[in-house]
Each structure stands twice: as C-alpha cells, then as structure tokens.
2 protein chains.
Amino acid sequence: MAKIIPGKNGSKKDVITQKASELFMKKGFTATSMRDIADAIGVEAPSLYNHIESKNAILKDICFRIARLFTGNLRKVELSHQLYLSKTESIIRFHISMMIEEYESVYISDHEWKHLPEPFLSDFKTRRRNYRSRLAAILQKGIDNNEIDAVNPYIAVLTILSAISGIESWQRSGKKIDAKLLEENMVKLLVEGLKYRPAKNSAKNHKVLEEQTGFHKNMSISKNRKS
Amino acid sequence: MAKIIPGKNGSKKDVITQKASELFMKKGFTATSMRDIADAIGVEAPSLYNHIESKNAILKDICFRIARLFTGNLRKVELSHQLYLSKTESIIRFHISMMIEEYESVYISDHEWKHLPEPFLSDFKTRRRNYRSRLAAILQKGIDNNEIDAVNPYIAVLTILSAISGIESWQRSGKKIDAKLLEENMVKLLVEGLKYRPAKNSAKNHKVLEEQTGFHKNMSISKNRKS
DNA sequence: ATCAAAAACTAATAAGTGTTAGTTTTGATG
DNA sequence: CATCAAAACTAACACTTATTAGTTTTTGAT
C-alpha cells in the first residue's frame with residue numbers, strides 16, 4: 001500500500017499542497033485532476049481526502065498564504081521610515097525575491113485565482129485591489145515629494161507588478177538566470193523609470209534622438225509628461 | 001430554431017471564435033466547455049461543429065493569428081531605419097495597442113497557449129522563443145550603440161513584455177483608463193528605464209537619496225550596474 | 001500482542017466532457 | 001412549389017470529473 005511520506009518540515013497536507021502547486025502551475029488548476037495529484041504522489045485519489053478538504057481548498061490555501069505574505073511585507077514597509085522611492089524599491093525587491101523563492105505559489109495566486117470558489121473569490125479580489133491601492137498611495141506620495149516622476153500611480157503599480165509576475169516564464173524557459181543579476185537588472189529598469197529627473201538633466205540625451213530620427217514628432221515620450 | 005447570426009464583417013466561424021475568446025479569457029480555456037460557448041451564442045453545442053473543427057482548433061486559431069501579427073510587426077521594425085531605442089519603443093507601442101484593441105485574443109495567446117495540442121504547442125513555443133531573441137538582439141545593438149543602458153537584454157525583454165501583458169487585468173478592473181494616457185505612461189516607465197544615462201547626469205539626484213537614507217549601502221541600484 | 005485511530009484502499013455516484021451519427025429544419029435557388 | 005445543401009437539432013457515446021461511503025490495512029501506544 002503506497003503512502004504519503006511527509007517531508008522533513010511539513011505535514012502530509014503540505015506534501016499534497018506542494019505537489020498540487022507543481023501541477024497547477026504546469027497544467028493549470030482546471031486541467032489538473034485529483035487523480036493527477038494522487039498519481040504524482042503515488043497514491044489513490046480518494047486517499048487525498050484524509051488530509052485535505054477539497055481541490056478548491058488547496059487553491060484557496062495557496063492563494064491566501066501568498067496574499068498574507070505580501071500584505072505583511074507591505075504593512076512593514078508602510079510603517080518604516082524611508083523615502084517613498086526607497087519604499088517602492090524595497091517592495092519591488094520583495095516581489096522579485098518571492099517570485100524566485102516561491103514561484104510556484106506566487107504564479108498560481110497570480111494566474112489561477114479566478115478559479116477560487118465564492119466567497120473566497122470576492123475576498124481575494126478585494127484584498128488584491130486594496131494592496132494595489134496602498135502601493136499606489138506610496139507612489140503618489142513619492143510624486144508629491146518630487147522623488148518620483150509624475151506618472152499615473154495606478155498605471156505604474158500595474159506595470160511594475162505585472163513586469164515582476166512575468167519572471168516565472170523565465171524560470172521555466174531553460175536558461176535559469178542568476179537570481180541576483182535578475183533582481184538588480186529588474187530593479188534598475190523599474191526604478192529608473194520611476195525616478196524624478198529635472199527636465200534639464202535629460203535634455204542633452206533627448207536632443208540626440210530628435211535630430212536623428214524625428215523621434216519627438218510622433219512618438220515622443222516626454223510630450224505628454226504632465227498628463 | 002436558434003441560429004448563429006454572422007456579424008457585419010465576419011463569418012459564423014468568427015462569431016464562434018469571438019464568443020469563445022470572451023469565455024476563454026473570463027473562465028480559462030479548460031474551464032470553458034463547448035456547451036458554455038454554445039449557450040452564449042444561443043445554440044446547441046453540436047451545432048458548432050458545422051463551423052469549427054474542434055475546441056482545440058479555436059485556441060490554435062486565436063494563438064497563431066496573434067503570433068502572426070506580432071511577428072509581422074517585428075519584421076517591419078527590424079527593416080526600418082531608426083535608432084535601436086526607437087525600434088524598441090515602437091515595438092512597445094505596438095504591444096500596448098494590441099493589448100488595448102485585441103486584449104481578449106492577446107490575453108489568451110499569453111495565458112492559455114499551454115493548452116495547445118501538439119504539434120502546435122511546440123511550434124508556438126519555438127516562435128515565442130524566436131520572437132524574444134530577435135527583440136533581445138535589438139536591445140543588444142542599442143546597448144552596443146550607447147543608446148540603451150547596459151542591462152541584460154533578455155531580462156529587459158522579459159520585463160517589458162510581461163509588464164505590457166498585465167494591461168489586461170487593468171481593463172477588467174473597472175476603471176477603464178484612457179488608452180492614450182495608459183500608453184504614454186507605460187512607454188515612459190519602460191523606455192526611461194532603458195535609456196542610456198551618462199553617470200554624471202544622475203549624480204545629483206542620487207546624492208540626495210544617499211544622504212537621507214543610506215540608500216546606497218544595502219539597496220543601491222547603481223552599484224551593480226556593470227553586472 | 002492488543003486495540004484504536006489514522007490513512008490507505010475499492011466501488012460507486014452523479015454530473016460534465018468533447019465529439020459523432022443520424023435526423024429535421026431552414027433558406028435560397030430553380 | 002420543389003429541391004437541395006447548409007445548418008440546426010436530438011440522442012448517444014465513451015470518458016473524465018470531484019467526491020462519498022464503506023472496508024481494509026497500517027501505525028503507534030499500551
């Protein structure tokens with residue numbers, strides 16, 4: 001009789017959750033059956049129900065655990081004393097490291113949350129909206145403080161978060177990139193884009209582009225800077 | 001007897017593909033049944049097979065149509081005479097406008113491609129890899145040319161593409177943002193992050209951050225610039 | 001060794017899946 | 001109106017789904 005062997009620091013439930021995460025990520029939540037999970041563990045499907053409540057409950061556990069981690073970090077950053085740009089950067093770094101260390105769970109809570117059953121679905125969406133608002137509020141204060149350039153903070157939040165959530169597909173794509181290199185490059189790209197830059201400093205560089213290509217005419221990025 | 005009413009400029013097959021796209025996006029490919037699609041159109045499920053080959057074929061059509069559009073644009077940009085930063089910007093703009101105008105199809109080809117049946121799955125993955133490589137090559141030339149700051153081009157490509165693919169969740173989130181505003185803000189964030197900036201120009205701003213928070217010590221973004 | 005609880009098993013259920021076969025209805029043409 | 005193909009229908013198939021019920025095996029403590 002096959003059995004579930006609990007890992008060093010995890011219950012049998014954790015073993016199931018972990019194998020399920022792997023499969024949810026590889027095949028998607030709906031396309032993964034209880035039999036798939038059971039097979040991967042080496043056990044019959046009904047046996048799983050001695051440890052878990054339902055397939056939906058596995059998804060719920062994954063999504064809400066990740067949500068708690070992100071919310072916990074956000075609270076810590078909100079209470080810290082840093083410049084708003086630094087707060088933003090440290091949140092970005094947290095997201096990246098979560099994506100690297102827990103990418104299966106984070107991926108699932110990013111991509112499969114829509115299959116949560118009510119009332120968890122509504123709850124999750126509310127928390128998600130709330131998280132983004134609080135992050136946008138930090139950006140807004142950074143803008144008011146002249147640390148961050150005048151962008152629409154909601155668009156910036158969305159851009160940043162979705163940029164980071166794409167790391168997963170990179171993980172999977174064979175060339176595993178060094179984590180530190182990945183983090184530094186992404187932070188650079190995202191934070192440089194946010195930084196407030198007095199107009200004079202960037203004028204020189206812009207000029208070059210205008211002269212050579214008519215850059216300013218139909219595709220300037222500085223034209224609508226105030227909007 | 002209910003029937004499929006073809007739209008102004010589309011066959012009955014197009015009607016099916018379009019309704020299917022809506023549902024694939026809202027519920028996911030696997031969670032959407034042929035009966036769901038048929039119900040949404042107001043017809044019985046087997047009737048669909050007078051117009052389409054299979055459920056998988058609907059997905060295949062969606063994914064490869066979008067792939068063709070992106071590849072077509074990329075070729076055009078590659079052949080154009082612009083600075084590499086401008087090429088990058090115009091590709092970014094194309095992605096954003098595709099996301100706004102065809103967000104259901106683009107979303108599906110971004111998120112549901114893994115459910116493609118072979119041999120289409122392998123084909124799609126190859127095209128995807130290829131597209132990213134060509135985009136990374138443009139960035140690399142921009143770096144060599146001192147138009148783009150020295151980042152890892154693969155990471156930059158990934159960051160940019162996934163940032164843009166996140167627009168969808170914004171569309172859905174109620175507050176539909178003005179398309180032009182969205183585009184300008186995203187382009188600004190992403191292109192500013194790429195731009196080559198001689199070290200001197202940004203020094204002043206950096207100084208402020210260092211003095212106030214010890215920013216440079218454990219979370220500098222300029223330290224590892226070479227890596 | 002005994003006994004109870006935990007956890008595995010088999011069997012079964014009711015519902016849902018994509019799809020095919022065969023039949024009827026529809027709509028345009030002569 | 002008659003005809004014929006296009007396109008709808010109903011019925012059915014062969015599977016798969018998550019989950020429950022009931023039974024047997026395993027495990028660990030006495």
# chains A, B, ... in the order shown; residues from 1 in each chain; ligands from 1
call {"tool": "interface_residues", "arguments": {"of": "chain C", "to": "chain B", "cutoff": "12 Å", "atoms": "only C-alpha atoms (C1' of nucleotides)", "output": "PyMOL selection string"}}
result
chain C and resi 16-21+24-26
call {"tool": "write_last_selection", "arguments": {"atoms": "N, CA and C atoms (P, O5', C5', C4', C3', O3' and C1' of nucleotides)", "output": "short mmCIF file (atom, residue, chain, number, x, y, z; two decimals), in the first residue's frame"}}
result
data_model
loop_
_atom_site.label_atom_id
_atom_site.label_comp_id
_atom_site.auth_asym_id
_atom_site.auth_seq_id
_atom_site.Cartn_x
_atom_site.Cartn_y
_atom_site.Cartn_z
P DG C 16 -23.72 19.22 -14.25
"O5'" DG C 16 -22.40 19.00 -15.12
"C5'" DG C 16 -21.13 19.10 -14.48
"C4'" DG C 16 -20.06 18.74 -15.48
"C3'" DG C 16 -20.28 19.35 -16.87
"O3'" DG C 16 -19.08 19.96 -17.31
"C1'" DG C 16 -19.96 17.02 -17.04
P DT C 17 -19.06 20.76 -18.68
"O5'" DT C 17 -18.16 19.81 -19.58
"C5'" DT C 17 -16.86 19.42 -19.09
"C4'" DT C 17 -16.20 18.50 -20.08
"C3'" DT C 17 -16.51 18.79 -21.54
"O3'" DT C 17 -15.64 19.81 -21.98
"C1'" DT C 17 -16.59 16.44 -21.10
P DG C 18 -15.89 20.56 -23.35
"O5'" DG C 18 -15.44 19.51 -24.46
"C5'" DG C 18 -14.09 19.08 -24.50
"C4'" DG C 18 -13.92 18.03 -25.58
"C3'" DG C 18 -14.25 18.52 -26.99
"O3'" DG C 18 -13.33 17.95 -27.92
"C1'" DG C 18 -15.73 16.74 -26.41
P DT C 19 -13.41 18.39 -29.46
"O5'" DT C 19 -14.41 17.28 -30.00
"C5'" DT C 19 -14.09 15.91 -29.74
"C4'" DT C 19 -15.18 15.00 -30.25
"C3'" DT C 19 -15.68 15.33 -31.67
"O3'" DT C 19 -15.29 14.23 -32.50
"C1'" DT C 19 -17.47 14.80 -30.19
P DT C 20 -15.60 14.27 -34.08
"O5'" DT C 20 -16.81 13.22 -34.14
"C5'" DT C 20 -16.64 11.91 -33.61
"C4'" DT C 20 -17.90 11.10 -33.86
"C3'" DT C 20 -18.45 11.18 -35.28
"O3'" DT C 20 -18.72 9.85 -35.72
"C1'" DT C 20 -20.14 11.74 -33.72
P DA C 21 -19.22 9.56 -37.20
"O5'" DA C 21 -20.77 9.30 -36.93
"C5'" DA C 21 -21.18 8.68 -35.71
"C4'" DA C 21 -22.64 8.25 -35.82
"C3'" DA C 21 -23.18 8.22 -37.25
"O3'" DA C 21 -24.13 7.17 -37.35
"C1'" DA C 21 -24.32 9.91 -36.01
P DT C 24 -36.54 12.66 -38.95
"O5'" DT C 24 -36.54 14.23 -38.79
"C5'" DT C 24 -36.62 14.82 -37.47
"C4'" DT C 24 -36.36 16.31 -37.59
"C3'" DT C 24 -37.34 17.09 -38.48
"O3'" DT C 24 -37.81 18.18 -37.72
"C1'" DT C 24 -35.12 17.61 -39.05
P DT C 25 -39.02 19.01 -38.18
"O5'" DT C 25 -38.35 20.40 -38.56
"C5'" DT C 25 -37.63 21.10 -37.55
"C4'" DT C 25 -36.72 22.10 -38.23
"C3'" DT C 25 -37.44 23.17 -39.07
"O3'" DT C 25 -37.22 24.41 -38.41
"C1'" DT C 25 -35.49 22.35 -40.14
P DT C 26 -37.94 25.69 -38.96
"O5'" DT C 26 -36.84 26.28 -39.95
"C5'" DT C 26 -35.54 26.57 -39.42
"C4'" DT C 26 -34.64 27.03 -40.56
"C3'" DT C 26 -35.26 28.11 -41.44
"O3'" DT C 26 -34.47 29.28 -41.29
"C1'" DT C 26 -34.22 26.39 -42.74
#
call {"tool": "residues_around", "arguments": {"residues": "C:DA15", "least_positions_apart": "2", "cutoff": "12 Å", "atoms": "only C-alpha atoms (C1' of nucleotides)", "output": "ChimeraX atom specification"}}
result
/C:13,17 /D:16-19
call {"tool": "write_last_selection", "arguments": {"atoms": "C-alpha atoms (C1' of nucleotides)", "output": "tab-separated table (two decimals), in the first residue's frame"}}
result
chain	number	residue	atom	x	y	z
C	13	DT	C1'	-22.23	8.19	-7.80
C	17	DT	C1'	-16.59	16.44	-21.10
D	16	DT	C1'	-13.33	12.00	-17.12
D	17	DT	C1'	-14.53	14.74	-13.08
D	18	DA	C1'	-14.67	15.60	-7.76
D	19	DT	C1'	-16.24	13.48	-4.10
call {"tool": "residues_around", "arguments": {"residues": "D:DA5", "least_positions_apart": "3", "cutoff": "12 Å", "atoms": "only C-alpha atoms (C1' of nucleotides)", "output": "ChimeraX atom specification"}}
result
/C:26-29
call {"tool": "write_last_selection", "arguments": {"atoms": "N, CA and C atoms (P, O5', C5', C4', C3', O3' and C1' of nucleotides)", "output": "PDB file, in the first residue's frame"}}
result
ATOM      1  P    DT C  26     -37.941  25.694 -38.960  1.00  0.00           P
ATOM      2  O5'  DT C  26     -36.836  26.280 -39.948  1.00  0.00           O
ATOM      3  C5'  DT C  26     -35.536  26.569 -39.424  1.00  0.00           C
ATOM      4  C4'  DT C  26     -34.640  27.027 -40.560  1.00  0.00           C
ATOM      5  C3'  DT C  26     -35.255  28.115 -41.440  1.00  0.00           C
ATOM      6  O3'  DT C  26     -34.474  29.277 -41.293  1.00  0.00           O
ATOM      7  C1'  DT C  26     -34.222  26.395 -42.744  1.00  0.00           C
ATOM      8  P    DG C  27     -34.938  30.641 -41.895  1.00  0.00           P
ATOM      9  O5'  DG C  27     -34.178  30.683 -43.290  1.00  0.00           O
ATOM     10  C5'  DG C  27     -32.809  30.269 -43.346  1.00  0.00           C
ATOM     11  C4'  DG C  27     -32.304  30.387 -44.775  1.00  0.00           C
ATOM     12  C3'  DG C  27     -32.970  31.482 -45.605  1.00  0.00           C
ATOM     13  O3'  DG C  27     -31.989  32.009 -46.487  1.00  0.00           O
ATOM     14  C1'  DG C  27     -33.397  29.389 -46.601  1.00  0.00           C
ATOM     15  P    DA C  28     -32.307  33.355 -47.260  1.00  0.00           P
ATOM     16  O5'  DA C  28     -31.775  33.071 -48.735  1.00  0.00           O
ATOM     17  C5'  DA C  28     -30.510  32.442 -48.908  1.00  0.00           C
ATOM     18  C4'  DA C  28     -30.517  31.529 -50.109  1.00  0.00           C
ATOM     19  C3'  DA C  28     -30.951  32.229 -51.411  1.00  0.00           C
ATOM     20  O3'  DA C  28     -29.934  32.027 -52.399  1.00  0.00           O
ATOM     21  C1'  DA C  28     -32.095  30.172 -51.121  1.00  0.00           C
ATOM     22  P    DT C  29     -30.029  32.852 -53.771  1.00  0.00           P
ATOM     23  O5'  DT C  29     -30.491  31.714 -54.797  1.00  0.00           O
ATOM     24  C5'  DT C  29     -29.579  30.646 -55.118  1.00  0.00           C
ATOM     25  C4'  DT C  29     -30.343  29.554 -55.833  1.00  0.00           C
ATOM     26  C3'  DT C  29     -30.939  30.005 -57.165  1.00  0.00           C
ATOM     27  O3'  DT C  29     -30.210  29.389 -58.238  1.00  0.00           O
ATOM     28  C1'  DT C  29     -32.469  28.682 -55.874  1.00  0.00           C
TER      29       DT C  29
END
call {"tool": "residues_around", "arguments": {"residues": "B:Asp144", "least_positions_apart": "6", "cutoff": "10 Å", "atoms": "only C-alpha atoms (C1' of nucleotides)", "output": "PDB file with C-alpha atoms, in the first residue's frame"}}
result
ATOM      1  CA  TYR B  84      17.567  50.938 -31.710  1.00  0.00           C
ATOM      2  CA  ILE B 138      17.640  44.822 -30.966  1.00  0.00           C
ATOM      3  CA  ALA B 150      23.882  48.224 -20.055  1.00  0.00           C
TER       4      ALA B 150
END
call {"tool": "closest_residue", "arguments": {"among": "A:Leu48, A:Ile96, A:Ile91, A:Ile41", "to": "chain D", "atoms": "only C-alpha atoms (C1' of nucleotides)"}}
result
A:Leu48
call {"tool": "closest_atom_pairs", "arguments": {"of": "chain D", "to": "chain B", "cutoff": "12 Å", "atoms": "only C-alpha atoms (C1' of nucleotides)", "output": "JSON lines"}}
result
{"residue": "D:DA6", "atom": "C1'", "partner": "B:Asn50", "partner_atom": "CA", "distance": 8.8}
{"residue": "D:DA7", "atom": "C1'", "partner": "B:Asn50", "partner_atom": "CA", "distance": 6.8}
{"residue": "D:DA8", "atom": "C1'", "partner": "B:Ser47", "partner_atom": "CA", "distance": 6.3}
{"residue": "D:DC9", "atom": "C1'", "partner": "B:Glu44", "partner_atom": "CA", "distance": 7.8}
{"residue": "D:DT10", "atom": "C1'", "partner": "B:Glu44", "partner_atom": "CA", "distance": 9.9}
{"residue": "D:DA11", "atom": "C1'", "partner": "B:Pro46", "partner_atom": "CA", "distance": 11.4}
{"residue": "D:DT17", "atom": "C1'", "partner": "B:Ala31", "partner_atom": "CA", "distance": 11.9}
call {"tool": "write_last_selection", "arguments": {"atoms": "C-alpha atoms (C1' of nucleotides)", "output": "short mmCIF file (atom, residue, chain, number, x, y, z; two decimals), in the first residue's frame"}}
result
data_model
loop_
_atom_site.label_atom_id
_atom_site.label_comp_id
_atom_site.auth_asym_id
_atom_site.auth_seq_id
_atom_site.Cartn_x
_atom_site.Cartn_y
_atom_site.Cartn_z
"C1'" DA D 6 -26.32 24.38 -45.13
"C1'" DA D 7 -27.03 24.34 -40.58
"C1'" DA D 8 -29.71 23.48 -36.93
"C1'" DC D 9 -31.48 19.72 -33.88
"C1'" DT D 10 -31.73 15.26 -30.55
"C1'" DA D 11 -29.64 11.21 -28.86
"C1'" DT D 17 -14.53 14.74 -13.08
#
call {"tool": "atom_distance", "arguments": {"atom1": "atom CA of A:Ser109", "atom2": "atom CA of B:Glu102"}}
result
24.9 Å
call {"tool": "atom_distance", "arguments": {"atom1": "atom CA of B:Glu192", "atom2": "atom CA of A:Arg132"}}
result
22.6 Å
call {"tool": "residues_around", "arguments": {"residues": "B:Ala31", "least_positions_apart": "3", "cutoff": "8 Å", "atoms": "only C-alpha atoms (C1' of nucleotides)", "output": "PyMOL selection string"}}
result
(chain A and resi 30-31) or (chain B and resi 24+27-28)
call {"tool": "write_last_selection", "arguments": {"atoms": "C-alpha atoms", "output": "compact mmCIF listing (two decimals), in the first residue's frame"}}
result
# COMPACT_ATOMS: atom_id res chain seq x y z
CA THR A 30 -8.77 23.19 -14.00
CA ALA A 31 -6.70 20.91 -16.18
CA PHE B 24 -11.63 31.57 -22.58
CA LYS B 27 -13.02 31.39 -17.25
CA GLY B 28 -9.94 29.94 -18.88
